[in-house]
Amino acid sequence: MNESWNELEAKIAEISAKQKQGLSLSREEISLLCLWHYSQSQTRQEQNYA
Amino acid sequence: MPKTGKWLIHMPNNPGDVVMALFVVDAWKRQYPQAQLHFLTDHECLSLVQNHPQIDKAWCTPRQQIRKAANAEIALHILEDRAGALALENFDGILNLYQGYEGALFLSLIPTRKRIGLCTDQSGEAILLDPASRALFAIPAERSANRFHCIDHYLHMAGLKSKHRPQAQFPPSQIQGIPGAVVLQIGSAWPGKKWPLAYWRDLIQYLLQAQSAPIVLLGSPNEFQENEELAHLHSRIHNYCGKSQLHEIPNLIRGAKLFISGDTFAMHVASALQIPQIALFGPSLARETGPYSSTAWVLSTAHRAGENLEFLNTKILESLHVQDVINTLLGLDTKNILLQAQWSGHHDYQEKLTKSLSPIPPCALRLMHFLKRAQQEPSNSLIHIIEELEKNLAIETHSNYEWEQYRIALKSLNWRKLDSYFAERLELLKQLLTKFDYQKI
């Protein structure tokens, strides 16, 4: 993971903290959260269970 | 609910699930031919919906491109670009049949007037707005109580009630199968869904002696070698493993006189094409994801109520013997078969579904509210106690705790986000949480 992904991970930690407080997220924050989960997700094919 | 406008259906993976979603497309177009249906799926399944006769436009999720992106900035640009293009379509509604959190987040970036299925609220938390979606999410957690096929849940979510059993159509392809062949899918994505290779060998020997039709073997490229060993048994056996794309598989099955497999993508294709078939079920439940067909026989190992799904148990299908399959072919009584079901697949399930949908237990709602609004992360000691409780419950219900963890992780739903959950577990959780002022919630 390069530096930009590390920076994203840090931002996600901040966003998660807001979520836990029940605060509304901006569209940009939703996009970043979505990006993070897409980057972390593995399809079954990728897990060699295709 | 108007079904005549422009709708986006979301089912990114896996191929078998996309085929089940195609039954919804068929029912929708038959009931509302003027509706415009777009379909959003992952790259690996895209060929199943591109050039599809009932789908007006196929879209690819940005998942693969994001995962290949050189850096996060480029990945974000890809994400926004795809969401922006979809937003321009001005959809009347979005039907999300997928249970993954990332999909719900992505769809929340696309403005629309109506959302069905997993959504997100203003804080980006996963929510389920409609009872049919909640029932779907209860699969497989509440599988012991579920009596409905997954496709019936999908149809109910979409508000579709066709008097005729929906089928599924597929994009055209040039590849041709062998008419009248016996088609077998030997392998499976999951170890627990694989019937032992030695059993397949014995069954093929029987089929070679009992009938004269050619035998076609299907499978993925990485299953080629073990299928090749079977193909060497006789010149009438043709190994098609890895020789076709996903969207070409229907043509290889179309016209077959018999199809035999485990719980696989090709099994759903065969059921869509109404091919006579035998499906071998072990870790998954046929009443939920079995062949949606009136020409299928399901041979299944036993499931006790509350038992979890052992997808990684390589021994589970060993109790289904070759003779059981042969007896089924011959229409004889079977020994050692713990369940033999002929799947009707008719829509009588939907009426029952309406009556059986139960509201989320109040204690679950209170628990969710408590966890969601907690000003800080629940303490480690609380999480530890809950985890221990889950383990004990898993033992008591003979369930597989690892599978539950896997399911939750795969669906990106952690325990804080599950609002459809074991009622019994919630009751025990409630008792546990009394220590944490639960009653004051």
# chains A, B, ... in the order shown; residues from 1 in each chain; ligands from 1
>>> interface_residues(of="chain B", to="chain A", cutoff="6 Å", atoms="only C-alpha atoms", output="list in words")
Arg63, Arg67, Asn71, Ala72, Glu102, Leu105, Phe106, Gln122, Ser123, Ala189, Trp190, Arg373 and Gln375 of chain B
>>> write_last_selection(atoms="N, CA, C and O atoms", output="compact mmCIF listing (two decimals), in the first residue's frame")
# COMPACT_ATOMS: atom_id res chain seq x y z
N ARG B 63 -15.20 -1.67 -8.65
CA ARG B 63 -14.41 -2.46 -7.71
C ARG B 63 -13.03 -2.86 -8.27
O ARG B 63 -11.99 -2.61 -7.68
N ARG B 67 -9.25 -1.48 -7.19
CA ARG B 67 -8.25 -2.36 -6.59
C ARG B 67 -6.95 -2.41 -7.41
O ARG B 67 -5.92 -2.81 -6.90
N ASN B 71 -2.89 4.70 -7.17
CA ASN B 71 -2.94 5.38 -5.88
C ASN B 71 -4.39 5.73 -5.54
O ASN B 71 -5.30 5.58 -6.38
N ALA B 72 -4.59 6.24 -4.34
CA ALA B 72 -5.95 6.49 -3.86
C ALA B 72 -6.63 7.62 -4.63
O ALA B 72 -7.85 7.61 -4.80
N GLU B 102 -20.15 -2.19 0.99
CA GLU B 102 -19.55 -1.27 0.03
C GLU B 102 -20.50 -0.95 -1.12
O GLU B 102 -20.51 0.16 -1.64
N LEU B 105 -22.95 1.70 0.05
CA LEU B 105 -22.30 3.02 0.07
C LEU B 105 -22.22 3.60 -1.34
O LEU B 105 -22.51 4.78 -1.56
N PHE B 106 -21.83 2.77 -2.29
CA PHE B 106 -21.71 3.26 -3.67
C PHE B 106 -23.06 3.72 -4.21
O PHE B 106 -23.16 4.78 -4.83
N GLN B 122 -27.78 8.76 6.95
CA GLN B 122 -26.96 9.97 6.79
C GLN B 122 -25.56 9.81 7.36
O GLN B 122 -24.64 10.51 6.94
N SER B 123 -25.42 8.91 8.31
CA SER B 123 -24.09 8.71 8.87
C SER B 123 -23.36 7.53 8.20
O SER B 123 -22.33 7.08 8.68
N ALA B 189 -16.68 -23.87 -6.31
CA ALA B 189 -15.84 -22.85 -5.71
C ALA B 189 -15.49 -23.20 -4.27
O ALA B 189 -14.40 -22.91 -3.80
N TRP B 190 -16.41 -23.85 -3.60
CA TRP B 190 -16.25 -24.11 -2.17
C TRP B 190 -15.89 -25.58 -1.93
O TRP B 190 -16.55 -26.47 -2.47
N ARG B 373 -26.03 4.51 18.85
CA ARG B 373 -25.95 5.84 19.44
C ARG B 373 -24.93 5.93 20.57
O ARG B 373 -24.79 6.98 21.18
N GLN B 375 -21.91 6.75 22.49
CA GLN B 375 -21.01 7.87 22.21
C GLN B 375 -19.57 7.41 22.02
O GLN B 375 -18.73 8.14 21.55
>>> select_by_dssp(residues="chain A", states="alpha helix (DSSP H)", output="PyMOL selection string")
chain A and resi 3-20+27-40
>>> write_last_selection(atoms="N, CA and C atoms", output="compact mmCIF listing (two decimals), in the first residue's frame")
# COMPACT_ATOMS: atom_id res chain seq x y z
N GLU A 3 1.66 5.54 -0.10
CA GLU A 3 1.38 6.60 0.88
C GLU A 3 -0.06 7.11 0.79
N SER A 4 -0.56 7.25 -0.43
CA SER A 4 -1.91 7.80 -0.57
C SER A 4 -2.96 6.89 0.08
N TRP A 5 -2.72 5.59 0.01
CA TRP A 5 -3.66 4.67 0.65
C TRP A 5 -3.54 4.76 2.17
N ASN A 6 -2.32 5.00 2.65
CA ASN A 6 -2.14 5.18 4.10
C ASN A 6 -2.87 6.43 4.58
N GLU A 7 -2.79 7.48 3.76
CA GLU A 7 -3.50 8.71 4.12
C GLU A 7 -5.00 8.47 4.15
N LEU A 8 -5.47 7.71 3.18
CA LEU A 8 -6.90 7.40 3.15
C LEU A 8 -7.30 6.62 4.41
N GLU A 9 -6.46 5.69 4.79
CA GLU A 9 -6.76 4.91 5.99
C GLU A 9 -6.92 5.81 7.22
N ALA A 10 -6.06 6.82 7.30
CA ALA A 10 -6.15 7.76 8.42
C ALA A 10 -7.46 8.53 8.38
N LYS A 11 -7.86 8.94 7.18
CA LYS A 11 -9.13 9.67 7.04
C LYS A 11 -10.31 8.78 7.41
N ILE A 12 -10.20 7.51 7.05
CA ILE A 12 -11.30 6.59 7.35
C ILE A 12 -11.46 6.44 8.86
N ALA A 13 -10.36 6.47 9.58
CA ALA A 13 -10.44 6.39 11.04
C ALA A 13 -11.22 7.58 11.59
N GLU A 14 -10.99 8.75 11.02
CA GLU A 14 -11.73 9.94 11.45
C GLU A 14 -13.22 9.82 11.11
N ILE A 15 -13.48 9.31 9.91
CA ILE A 15 -14.88 9.16 9.47
C ILE A 15 -15.60 8.14 10.35
N SER A 16 -14.91 7.06 10.68
CA SER A 16 -15.52 6.03 11.53
C SER A 16 -15.87 6.59 12.90
N ALA A 17 -15.01 7.46 13.39
CA ALA A 17 -15.28 8.09 14.69
C ALA A 17 -16.55 8.93 14.62
N LYS A 18 -16.72 9.64 13.52
CA LYS A 18 -17.95 10.43 13.34
C LYS A 18 -19.17 9.53 13.28
N GLN A 19 -19.00 8.42 12.58
CA GLN A 19 -20.13 7.47 12.46
C GLN A 19 -20.57 6.98 13.83
N LYS A 20 -19.60 6.67 14.65
CA LYS A 20 -19.93 6.12 15.97
C LYS A 20 -20.64 7.14 16.84
N ARG A 27 -20.94 14.13 1.49
CA ARG A 27 -20.84 13.27 0.31
C ARG A 27 -19.40 12.82 0.09
N GLU A 28 -18.48 13.73 0.30
CA GLU A 28 -17.07 13.39 0.11
C GLU A 28 -16.64 12.28 1.08
N GLU A 29 -17.12 12.39 2.31
CA GLU A 29 -16.77 11.36 3.30
C GLU A 29 -17.38 10.01 2.94
N ILE A 30 -18.61 10.06 2.43
CA ILE A 30 -19.23 8.79 1.98
C ILE A 30 -18.41 8.19 0.85
N SER A 31 -17.96 9.05 -0.07
CA SER A 31 -17.15 8.56 -1.20
C SER A 31 -15.87 7.90 -0.70
N LEU A 32 -15.22 8.54 0.26
CA LEU A 32 -13.97 7.98 0.78
C LEU A 32 -14.22 6.66 1.49
N LEU A 33 -15.32 6.62 2.25
CA LEU A 33 -15.67 5.39 2.95
C LEU A 33 -15.95 4.26 1.95
N CYS A 34 -16.68 4.62 0.90
CA CYS A 34 -16.99 3.65 -0.16
C CYS A 34 -15.70 3.16 -0.82
N LEU A 35 -14.83 4.12 -1.14
CA LEU A 35 -13.55 3.78 -1.77
C LEU A 35 -12.76 2.81 -0.91
N TRP A 36 -12.75 3.09 0.38
CA TRP A 36 -11.99 2.25 1.30
C TRP A 36 -12.55 0.81 1.31
N HIS A 37 -13.86 0.70 1.40
CA HIS A 37 -14.44 -0.63 1.47
C HIS A 37 -14.29 -1.38 0.14
N TYR A 38 -14.38 -0.66 -0.97
CA TYR A 38 -14.12 -1.32 -2.26
C TYR A 38 -12.67 -1.81 -2.32
N SER A 39 -11.75 -1.00 -1.84
CA SER A 39 -10.34 -1.38 -1.92
C SER A 39 -10.03 -2.57 -1.02
N GLN A 40 -10.82 -2.73 0.03
CA GLN A 40 -10.58 -3.82 0.97
C GLN A 40 -11.35 -5.10 0.62
>>> atom_distance(atom1="atom CA of B:Ser220", atom2="atom CA of B:Gly242")
4.9 Å
>>> residues_around(residues="stretch 183-188 of chain B", least_positions_apart="3", cutoff="6 Å", atoms="only C-alpha atoms", output="short mmCIF file (atom, residue, chain, number, x, y, z; two decimals) with N, CA, C and O atoms, in the first residue's frame")
data_model
loop_
_atom_site.label_atom_id
_atom_site.label_comp_id
_atom_site.auth_asym_id
_atom_site.auth_seq_id
_atom_site.Cartn_x
_atom_site.Cartn_y
_atom_site.Cartn_z
N LYS B 193 -18.74 -27.89 -1.09
CA LYS B 193 -19.74 -28.18 -2.11
C LYS B 193 -19.25 -29.22 -3.12
O LYS B 193 -19.95 -29.54 -4.08
N LYS B 194 -18.03 -29.70 -2.92
CA LYS B 194 -17.47 -30.65 -3.88
C LYS B 194 -17.85 -32.07 -3.50
O LYS B 194 -17.57 -32.53 -2.39
N ILE B 215 -20.93 -37.27 -22.78
CA ILE B 215 -20.88 -36.64 -21.45
C ILE B 215 -19.99 -35.41 -21.54
O ILE B 215 -18.85 -35.50 -22.01
N VAL B 216 -20.53 -34.28 -21.13
CA VAL B 216 -19.78 -33.01 -21.17
C VAL B 216 -19.43 -32.60 -19.75
O VAL B 216 -20.28 -32.61 -18.86
N LEU B 217 -18.17 -32.25 -19.56
CA LEU B 217 -17.70 -31.79 -18.24
C LEU B 217 -17.48 -30.28 -18.29
O LEU B 217 -16.75 -29.79 -19.16
N LEU B 218 -18.10 -29.56 -17.37
CA LEU B 218 -17.91 -28.12 -17.28
C LEU B 218 -17.09 -27.79 -16.04
O LEU B 218 -17.07 -28.56 -15.08
N GLY B 219 -16.49 -26.61 -16.05
CA GLY B 219 -15.74 -26.19 -14.88
C GLY B 219 -14.86 -25.01 -15.20
O GLY B 219 -14.76 -24.55 -16.35
N PHE B 259 -28.53 -32.74 -16.38
CA PHE B 259 -27.44 -31.97 -15.80
C PHE B 259 -27.29 -32.38 -14.33
O PHE B 259 -28.28 -32.44 -13.60
N ILE B 260 -26.06 -32.66 -13.93
CA ILE B 260 -25.81 -33.05 -12.53
C ILE B 260 -24.67 -32.19 -11.99
O ILE B 260 -23.63 -32.03 -12.65
N SER B 261 -24.85 -31.65 -10.81
CA SER B 261 -23.81 -30.81 -10.21
C SER B 261 -24.07 -30.65 -8.72
O SER B 261 -25.10 -31.07 -8.21
#
>>> select_by_dssp(residues="stretch 101-170 of chain B", states="strand (DSSP E or B)", output="list in words")
Arg115, Ile116, Gly117, Leu118, Cys119, Thr120, Ala126, Ile127 and Leu128 of chain B
>>> write_last_selection(atoms="all heavy atoms", output="PDB file, in the first residue's frame")
ATOM      1  N   ARG B 115     -35.563   3.600  -3.028  1.00  0.00           N
ATOM      2  CA  ARG B 115     -34.502   2.628  -2.772  1.00  0.00           C
ATOM      3  C   ARG B 115     -35.096   1.392  -2.103  1.00  0.00           C
ATOM      4  O   ARG B 115     -35.865   1.504  -1.146  1.00  0.00           O
ATOM      5  CB  ARG B 115     -33.417   3.220  -1.863  1.00  0.00           C
ATOM      6  CG  ARG B 115     -32.654   4.369  -2.496  1.00  0.00           C
ATOM      7  CD  ARG B 115     -31.569   4.895  -1.580  1.00  0.00           C
ATOM      8  NE  ARG B 115     -30.990   6.129  -2.108  1.00  0.00           N
ATOM      9  CZ  ARG B 115     -30.021   6.172  -3.015  1.00  0.00           C
ATOM     10  NH1 ARG B 115     -29.505   5.043  -3.479  1.00  0.00           N
ATOM     11  NH2 ARG B 115     -29.557   7.319  -3.469  1.00  0.00           N
ATOM     12  N   ILE B 116     -34.697   0.234  -2.613  1.00  0.00           N
ATOM     13  CA  ILE B 116     -35.125  -1.035  -2.026  1.00  0.00           C
ATOM     14  C   ILE B 116     -33.871  -1.869  -1.764  1.00  0.00           C
ATOM     15  O   ILE B 116     -32.986  -1.944  -2.604  1.00  0.00           O
ATOM     16  CB  ILE B 116     -36.070  -1.810  -2.971  1.00  0.00           C
ATOM     17  CG1 ILE B 116     -37.282  -0.952  -3.346  1.00  0.00           C
ATOM     18  CG2 ILE B 116     -36.526  -3.117  -2.331  1.00  0.00           C
ATOM     19  CD1 ILE B 116     -38.171  -1.593  -4.402  1.00  0.00           C
ATOM     20  N   GLY B 117     -33.833  -2.506  -0.596  1.00  0.00           N
ATOM     21  CA  GLY B 117     -32.677  -3.313  -0.250  1.00  0.00           C
ATOM     22  C   GLY B 117     -31.775  -2.571   0.707  1.00  0.00           C
ATOM     23  O   GLY B 117     -32.181  -1.600   1.358  1.00  0.00           O
ATOM     24  N   LEU B 118     -30.539  -3.026   0.792  1.00  0.00           N
ATOM     25  CA  LEU B 118     -29.597  -2.420   1.738  1.00  0.00           C
ATOM     26  C   LEU B 118     -29.273  -0.985   1.327  1.00  0.00           C
ATOM     27  O   LEU B 118     -28.878  -0.734   0.194  1.00  0.00           O
ATOM     28  CB  LEU B 118     -28.312  -3.248   1.808  1.00  0.00           C
ATOM     29  CG  LEU B 118     -27.330  -2.836   2.904  1.00  0.00           C
ATOM     30  CD1 LEU B 118     -27.892  -3.142   4.284  1.00  0.00           C
ATOM     31  CD2 LEU B 118     -25.994  -3.545   2.713  1.00  0.00           C
ATOM     32  N   CYS B 119     -29.461  -0.063   2.246  1.00  0.00           N
ATOM     33  CA  CYS B 119     -29.178   1.359   2.014  1.00  0.00           C
ATOM     34  C   CYS B 119     -28.247   1.847   3.117  1.00  0.00           C
ATOM     35  O   CYS B 119     -27.841   1.089   3.993  1.00  0.00           O
ATOM     36  CB  CYS B 119     -30.463   2.188   2.048  1.00  0.00           C
ATOM     37  SG  CYS B 119     -31.768   1.590   0.982  1.00  0.00           S
ATOM     38  N   THR B 120     -27.946   3.118   3.065  1.00  0.00           N
ATOM     39  CA  THR B 120     -27.202   3.735   4.165  1.00  0.00           C
ATOM     40  C   THR B 120     -27.962   4.961   4.640  1.00  0.00           C
ATOM     41  O   THR B 120     -28.686   5.592   3.872  1.00  0.00           O
ATOM     42  CB  THR B 120     -25.787   4.154   3.732  1.00  0.00           C
ATOM     43  OG1 THR B 120     -25.895   5.031   2.609  1.00  0.00           O
ATOM     44  CG2 THR B 120     -24.953   2.960   3.361  1.00  0.00           C
ATOM     45  N   ALA B 126     -25.317   1.094   7.563  1.00  0.00           N
ATOM     46  CA  ALA B 126     -26.182   0.239   6.740  1.00  0.00           C
ATOM     47  C   ALA B 126     -27.559   0.118   7.377  1.00  0.00           C
ATOM     48  O   ALA B 126     -27.676  -0.085   8.587  1.00  0.00           O
ATOM     49  CB  ALA B 126     -25.551  -1.141   6.606  1.00  0.00           C
ATOM     50  N   ILE B 127     -28.601   0.284   6.575  1.00  0.00           N
ATOM     51  CA  ILE B 127     -29.966   0.138   7.069  1.00  0.00           C
ATOM     52  C   ILE B 127     -30.798  -0.642   6.054  1.00  0.00           C
ATOM     53  O   ILE B 127     -30.501  -0.663   4.863  1.00  0.00           O
ATOM     54  CB  ILE B 127     -30.645   1.499   7.336  1.00  0.00           C
ATOM     55  CG1 ILE B 127     -30.532   2.409   6.106  1.00  0.00           C
ATOM     56  CG2 ILE B 127     -30.063   2.175   8.557  1.00  0.00           C
ATOM     57  CD1 ILE B 127     -31.355   3.674   6.202  1.00  0.00           C
ATOM     58  N   LEU B 128     -31.828  -1.268   6.565  1.00  0.00           N
ATOM     59  CA  LEU B 128     -32.785  -1.990   5.720  1.00  0.00           C
ATOM     60  C   LEU B 128     -34.158  -1.359   5.933  1.00  0.00           C
ATOM     61  O   LEU B 128     -34.667  -1.343   7.041  1.00  0.00           O
ATOM     62  CB  LEU B 128     -32.816  -3.471   6.107  1.00  0.00           C
ATOM     63  CG  LEU B 128     -31.542  -4.247   5.795  1.00  0.00           C
ATOM     64  CD1 LEU B 128     -31.505  -5.539   6.576  1.00  0.00           C
ATOM     65  CD2 LEU B 128     -31.454  -4.525   4.307  1.00  0.00           C
TER      66      LEU B 128
END
>>> atom_distance(atom1="atom CA of B:Gln176", atom2="atom CA of B:Ala270")
15.2 Å
>>> residues_around(residues="B:Phe265", least_positions_apart="6", cutoff="8 Å", atoms="only C-alpha atoms", output="list of chain:residue names")
B:Pro15, B:Gly16, B:Asp17, B:Val19
>>> write_last_selection(atoms="N, CA and C atoms", output="mmCIF file, in the first residue's frame")
data_model
loop_
_atom_site.group_PDB
_atom_site.id
_atom_site.type_symbol
_atom_site.label_atom_id
_atom_site.label_comp_id
_atom_site.auth_asym_id
_atom_site.auth_seq_id
_atom_site.Cartn_x
_atom_site.Cartn_y
_atom_site.Cartn_z
ATOM 1 N N PRO B 15 -21.368 -15.206 -9.675
ATOM 2 C CA PRO B 15 -22.141 -15.555 -10.867
ATOM 3 C C PRO B 15 -23.489 -16.228 -10.587
ATOM 4 N N GLY B 16 -23.524 -17.148 -9.635
ATOM 5 C CA GLY B 16 -24.789 -17.818 -9.325
ATOM 6 C C GLY B 16 -25.836 -16.846 -8.802
ATOM 7 N N ASP B 17 -25.400 -15.883 -8.003
ATOM 8 C CA ASP B 17 -26.322 -14.877 -7.480
ATOM 9 C C ASP B 17 -26.821 -13.968 -8.595
ATOM 10 N N VAL B 19 -27.248 -14.899 -11.678
ATOM 11 C CA VAL B 19 -28.275 -15.673 -12.402
ATOM 12 C C VAL B 19 -29.601 -15.620 -11.646
#
>>> atom_distance(atom1="atom CA of B:Asp92", atom2="atom CA of B:Cys150")
24.4 Å
>>> residues_around(residues="B:Pro221", least_positions_apart="2", cutoff="9 Å", atoms="only C-alpha atoms", output="PyMOL selection string")
chain B and resi 219+223-225+241-243
>>> write_last_selection(atoms="all heavy atoms", output="short mmCIF file (atom, residue, chain, number, x, y, z; two decimals), in the first residue's frame")
data_model
loop_
_atom_site.label_atom_id
_atom_site.label_comp_id
_atom_site.auth_asym_id
_atom_site.auth_seq_id
_atom_site.Cartn_x
_atom_site.Cartn_y
_atom_site.Cartn_z
N GLY B 219 -16.49 -26.61 -16.05
CA GLY B 219 -15.74 -26.19 -14.88
C GLY B 219 -14.86 -25.01 -15.20
O GLY B 219 -14.76 -24.55 -16.35
N GLU B 223 -9.89 -26.20 -12.79
CA GLU B 223 -10.42 -27.55 -12.58
C GLU B 223 -10.14 -28.44 -13.80
O GLU B 223 -10.58 -29.60 -13.85
CB GLU B 223 -11.94 -27.50 -12.33
CG GLU B 223 -12.30 -26.83 -11.01
CD GLU B 223 -13.77 -26.42 -10.94
OE1 GLU B 223 -14.46 -26.47 -11.98
OE2 GLU B 223 -14.20 -26.01 -9.86
N PHE B 224 -9.42 -27.88 -14.78
CA PHE B 224 -9.22 -28.59 -16.05
C PHE B 224 -8.54 -29.93 -15.83
O PHE B 224 -8.97 -30.96 -16.37
CB PHE B 224 -8.39 -27.73 -17.00
CG PHE B 224 -8.07 -28.42 -18.30
CD1 PHE B 224 -8.99 -28.43 -19.34
CD2 PHE B 224 -6.86 -29.09 -18.47
CE1 PHE B 224 -8.70 -29.07 -20.53
CE2 PHE B 224 -6.58 -29.75 -19.66
CZ PHE B 224 -7.50 -29.73 -20.70
N GLN B 225 -7.49 -29.96 -15.03
CA GLN B 225 -6.67 -31.17 -14.92
C GLN B 225 -7.44 -32.35 -14.34
O GLN B 225 -7.38 -33.46 -14.86
CB GLN B 225 -5.42 -30.89 -14.07
CG GLN B 225 -4.35 -31.95 -14.22
CD GLN B 225 -4.00 -32.25 -15.69
OE1 GLN B 225 -3.78 -31.33 -16.49
NE2 GLN B 225 -3.98 -33.53 -16.04
N CYS B 241 -13.81 -27.69 -19.59
CA CYS B 241 -13.34 -26.84 -18.50
C CYS B 241 -12.42 -25.74 -19.03
O CYS B 241 -11.46 -26.02 -19.75
CB CYS B 241 -12.55 -27.66 -17.48
SG CYS B 241 -13.59 -28.51 -16.33
N GLY B 242 -12.74 -24.51 -18.65
CA GLY B 242 -11.88 -23.40 -19.02
C GLY B 242 -11.89 -23.04 -20.48
O GLY B 242 -11.10 -22.21 -20.92
N LYS B 243 -12.77 -23.63 -21.26
CA LYS B 243 -12.79 -23.37 -22.69
C LYS B 243 -13.90 -22.40 -23.09
O LYS B 243 -14.18 -22.24 -24.27
CB LYS B 243 -12.95 -24.68 -23.47
CG LYS B 243 -11.76 -25.62 -23.31
CD LYS B 243 -11.97 -26.90 -24.09
CE LYS B 243 -10.77 -27.84 -23.92
NZ LYS B 243 -10.97 -29.14 -24.57
#
>>> closest_atom_pairs(of="stretch 212-264 of chain B", to="stretch 273-289 of chain B", cutoff="12 Å", atoms="only C-alpha atoms", output="tab-separated table")
residue	atom	partner	partner_atom	distance
B:Ile249	CA	B:Leu273	CA	11.4
B:Pro250	CA	B:Leu273	CA	7.9
B:Asn251	CA	B:Leu273	CA	9.8
B:Leu252	CA	B:Leu273	CA	11.1
B:Ile253	CA	B:Ile275	CA	7.9
B:Arg254	CA	B:Leu273	CA	6.6
B:Gly255	CA	B:Ile275	CA	7.6
B:Ala256	CA	B:Ile275	CA	6.7
B:Lys257	CA	B:Pro276	CA	6.6
B:Leu258	CA	B:Pro276	CA	5.1
B:Phe259	CA	B:Gln277	CA	4.6
B:Ile260	CA	B:Ile278	CA	4.9
B:Ser261	CA	B:Ala279	CA	5.3
B:Gly262	CA	B:Leu280	CA	4.5
B:Asp263	CA	B:Phe281	CA	6.2
B:Thr264	CA	B:Ala279	CA	9.0
